[in-house]
Every structure is written in C-alpha cells, then in structure tokens.
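A.B. asks: There's a structure below that I have some questions on.
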Amino acid sequence: MSDVAPSNPLRIDPESKADPMSTAELNPSKRLSKNIKSAPLRIADTSVMSVSGLFKSYGKGTVQVPVLKGVDLEIEEGGFTAIIGQSGSGKSTLLHLLGTLDAPDSGEIYFRDQRIDNLSPRQQEHLRNREFGLIFQFYHLLPELTTLENVLIPRMVQDGFFRYLKNKRAYRKRAIELLEMVGLGHRLTHKPSQLSGGEMQRTAIARSLISDPSILLADEPTGNLDSENGAEVMETLTALRKHENLTVVMVTHDDQLAAQADRVIHLVNGVVAA
Ligand code: ADP
Ligand code: MG
C-alpha cells in the first residue's frame with residue numbers, strides 16, 4: 001500500500017503554479033511529469049474485480065445476438081489492465097457491465113468481495129459514485145461551463161445543493177489539484193470549445209477522479225485523438241495511476257496502446273483468449 005491515500009488532499013509541486021504558460025505550453029510531457037510526483041507503486045497482488053461466466057446478448061428483432069459468451073477475468077488491484085479486441089468484439093459492453101452501467105444476462109461480477117451485478121440500482125449508483133471513475137471516447141463536457149466547473153459536476157450532482165455549498169471550498173481545492181495534475185492548471189476558466197481534444201479528455205479524466213474513485217474504467221479514451229494528444233492522455237493515465245494508487249482498466253482496439261499496460265486481456269469471439 002502507498003502512503004498516499006486516495007482521499008487525502010494531494011501535495012502539489014509549488015513549481016507547477018509558478019509559470020504555467022512557459023515550458024509547459026511547449027512540452028506537455030514535461031508539464032505532466034512535473035506536476036505529478038512519483039509515489040511508491042502498490043504491488044499488484046490481489047484482484048480488485050473478478051468476473052465469471054459473463055454472458056450478454058442484444059436483441060435484434062426476435063433474434064438475440066450474443067456478444068459476450070462466458071467471459072472470465074480478474075483485474076489486479078493497482079494494475080493497468082488493457083482489454084483489447086476488434087471493433088464490435090464487445091469491449092464497451094464488457095466495460096459497461098464492469099461499471100454496473102448495464103446488467104449481464106448471466107454470470108457474476110465481484111468488486112472486492114462483494115457481488116455487484118445484482119445490487120439494486122441505488123446501490124449500484126452509490127458504488128459508481130464512490131469507487132468507479134468512468135472515461136469514454138467522447139468527453140461529455142458541458143459546453144457552457146468552465147473546465148473547473150465541469151470537474152465539479154459529479155460532486156454537485158451527488159451532494160445536492162446544501163451539502164455541496166458546505167463542502168464547496170474543499171471540492172474546489174481538490175478540483176484545481178486534479179486539473180494541475182493533468183496539466184491543465186492554466187486552463188481553469190476555459191470553456192470546452194477553447195480546449196484541444198486532448199485537453200478536453202484530460203478535463204474528463206480530472207472529473208472522473210473528483211470523487212476519489214479506486215478504479216478507473218476507460219473506454220477507448222484516446223479513440224478520438226491524434227497520436228500526440230493520445231500519447232499525452234496515456235501518459236496522464238499512467239502517471240495518475242501511480243500517484244493516486246488507482247487501478248486502471250482501459251479498453252482499446254489499438255495494440256500499441258495496449259502494450260503500454262502491464263497486463264493485456266484479449267477479447268475474441270465473446271470470450272477471453274488464452
Ligand atoms: P466494441 O466496443 O468492442 O466495439 P460493443 O461492445 O460496442 O463492441 O458492441 C458489441 C456488439 O454488440 C456489436 O455488434 C454491437 O453492434 C452490439 N451492440 C452493442 N450495444 C448494443 C445495443 N445497445 N443494442 C444492440 N446491439 C448492441
Ligand atoms: Mg466500443
């Protein structure tokens with residue numbers, strides 16, 4: 001275990017606030033590694049999620065089209081797992097099931113020691129709010145809001161008005177820390193239309209972390225980005241995983257991206273390939 005608990009306020013490198021527009025503008029990689037301090041990496045020795053015998057079909061008229069046909073897998077705690085498969089192989093379906101956004105036809109999904117696929121919708125929502133950070137190919141930022149406000153949205157939604165007001169100062173501080181960590185400390189008041197694709201995705205990553213989740217589920221997070229922005233997003237995910245002691249699960253169809261993970265699971269014909 002690391003000495004940095006996910007819920008603790010983070011120590012931010014004071015240098016990162018000094019002159020955000022200087023070298024950071026020219027060299028995002030430098031900026032990211034500068035803003036995210038290295039922390040001891042938790043050794044992945046236990047599984048945080050496990051899946052057994054997962055089946056999922058979609059109905060097309062009267063015909064059921066099987067997508068997942070008995071998926072078994074384990075996700076190592078603190079690891080970076082890539083799930084790779086061709087387009088249409090069921091990667092998004094699987095990730096949505098892991099994130100309790102959809103229900104399997106049969107099979108079981110465990111988070112830590114708790115079965116989660118059969119929890120009530122309310123319990124699943126609670127779990128998603130507390131433990132899961134979700135990132136998608138499209139960023140789903142609200143265009144009228146600033147970067148900082150977008151990152152705060154999950155807290156506004158979860159807390160309700162009065163509790164949010166009470167905690168607003170702490171949330172704001174944490175949101176700024178997260179935006180600094182993803183290299184956007186100098187973009188707090190920008191609107192999404194003023195950001196690059198990579199910056200929008202990094203805003204979405206900061207938003208996914210505002211509730212201090214323990215596991216990040218990312219569905220083709222670089223799928224809409226050019227290679228340079230994609231590389232920055234990958235670098236951000238890798239650095240955040242270490243710093244925040246996150247477990248990262250990323251689905252992708254891209255071999256080169258998957259190779260950056262420390263474990264790759266191949267989804268072929270609806271099952272995990274040996
Ligand atoms: P991937 O993410 O690997 O590209 P998906 O999980 O999105 O694959 O989809 C797997 C298959 O399931 C595809 O053939 C897709 O058309 C089908 N599918 C996905 N979602 C639905 C849905 N809501 N209704 C019907 N078919 C769907
Ligand atoms: Mg998909």
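Chain identifiers are assigned as A, B, and so on, following the order in which chains appear in the structure tokens; residues are numbered from 1 within each chain, and ligands are numbered from 1 in order of appearance.
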Can you pull out every residue with an atom within 8 Å of ligand 2? Use only C-alpha atoms and all ligand atoms and format it as an MDAnalysis selection string.
C.D. replies: chainID A and resid 87:88 90:93 219:220 251:252
A.B. asks: Would you write out those residues with C-alpha atoms, as a short mmCIF file (atom, residue, chain, number, x, y, z; two decimals), in the first residue's frame?
C.D. replies:
```cif
data_model
loop_
_atom_site.label_atom_id
_atom_site.label_comp_id
_atom_site.auth_asym_id
_atom_site.auth_seq_id
_atom_site.Cartn_x
_atom_site.Cartn_y
_atom_site.Cartn_z
CA SER A 87 -14.26 -3.31 -33.21
CA GLY A 88 -17.59 -4.94 -32.32
CA GLY A 90 -17.88 -6.46 -27.06
CA LYS A 91 -15.27 -4.32 -25.27
CA SER A 92 -17.63 -1.47 -24.48
CA THR A 93 -20.31 -3.96 -23.47
CA ASP A 219 -13.42 3.08 -22.90
CA GLU A 220 -11.11 3.95 -25.82
CA VAL A 251 -10.43 -0.99 -23.41
CA THR A 252 -8.87 -0.35 -26.77
#
```
A.B. asks: Give the residue list for ligand 1 at 10 Å, counting only C-alpha atoms and all ligand atoms, as a PyMOL selection string, sorted by chain and then by residue number.
C.D. replies: chain A and resi 56-61+64-68+83-97+102+219-220+251-253+267-268+270
A.B. asks: Just the number, please: distance in Å from atom CA of Ile205 of chain A to atom CA of Asn245 of chain A, one decimal.
C.D. replies: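 That distance, rounded to one decimal, is 14.8 Å.
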A.B. asks: Please compute the atom CA of Leu225 of chain A-atom CA of Thr146 of chain A distance, one decimal, in Å.
C.D. replies: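 Result for atom CA of Leu225 of chain A versus atom CA of Thr146 of chain A: 21.0 Å, one decimal.
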A.B. asks: If we count only C-alpha atoms and set the cut-off at 12 Å, which residues sit around Ser211 of chain A, ignoring sequence neighbours fewer than 6 positions away in its own chain? Please answer as a VMD selection string.
C.D. replies: chain A and resid 6 to 9 126 to 134 151 to 159 170 to 172 174 to 175 178 205
A.B. asks: For Asn229 of chain A, find every residue with an atom within 8 Å (counting only C-alpha atoms), except residues of its own chain fewer than 6 positions away, and show them as a VMD selection string.
C.D. replies: chain A and resid 197 to 198 222
A.B. asks: Where does DSSP see alpha helix (DSSP H) in segment 26-132 of chain A, if you list the residues as a list in words?
C.D. replies: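 DSSP-assigned alpha helix (DSSP H) residues in segment 26-132 of chain A: Leu26, Pro28, Ser29, Lys30, Arg31, Leu32, Ser33, Lys34, Asn35, Lys91, Ser92, Thr93, Leu94, Leu95, His96, Leu97, Leu98, Pro121, Arg122, Gln123, Gln124, Glu125, His126, Leu127, Arg128, Asn129, Arg130 and Glu131 of chain A.
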A.B. asks: Which distance in Å separates atom CA of Glu74 of chain A and atom CA of Pro213 of chain A, to one decimal?
C.D. replies: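 About the pair atom CA of Glu74 of chain A and atom CA of Pro213 of chain A: they are 18.6 Å apart.
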A.B. asks: Identify, on the basis of only C-alpha atoms, every residue whose closest approach to Met234 of chain A does not exceed 12 Å; exclude the query and any residue fewer than 4 positions from it along the same chain; express the result as a ChimeraX atom specification.
C.D. replies: /A:29,32,80,82,182,198,201-202,205,218,220-223,225,227-230,238-241,248,250,252,256-261
A.B. asks: So which one's closest to Ala206 of chain A, A:Val71, A:Ile135, A:Met49, A:Val272? Using only C-alpha atoms, please.
C.D. replies: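 Using only C-alpha atoms, Ala206 of chain A sits closest to A:Ile135.
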A.B. asks: How would you write, as a PyMOL selection string, the set of residues in segment 83-172 of chain A that DSSP gives as strand (DSSP E or B)?
C.D. replies: chain A and resi 83-84+106-111+114-115+132-135
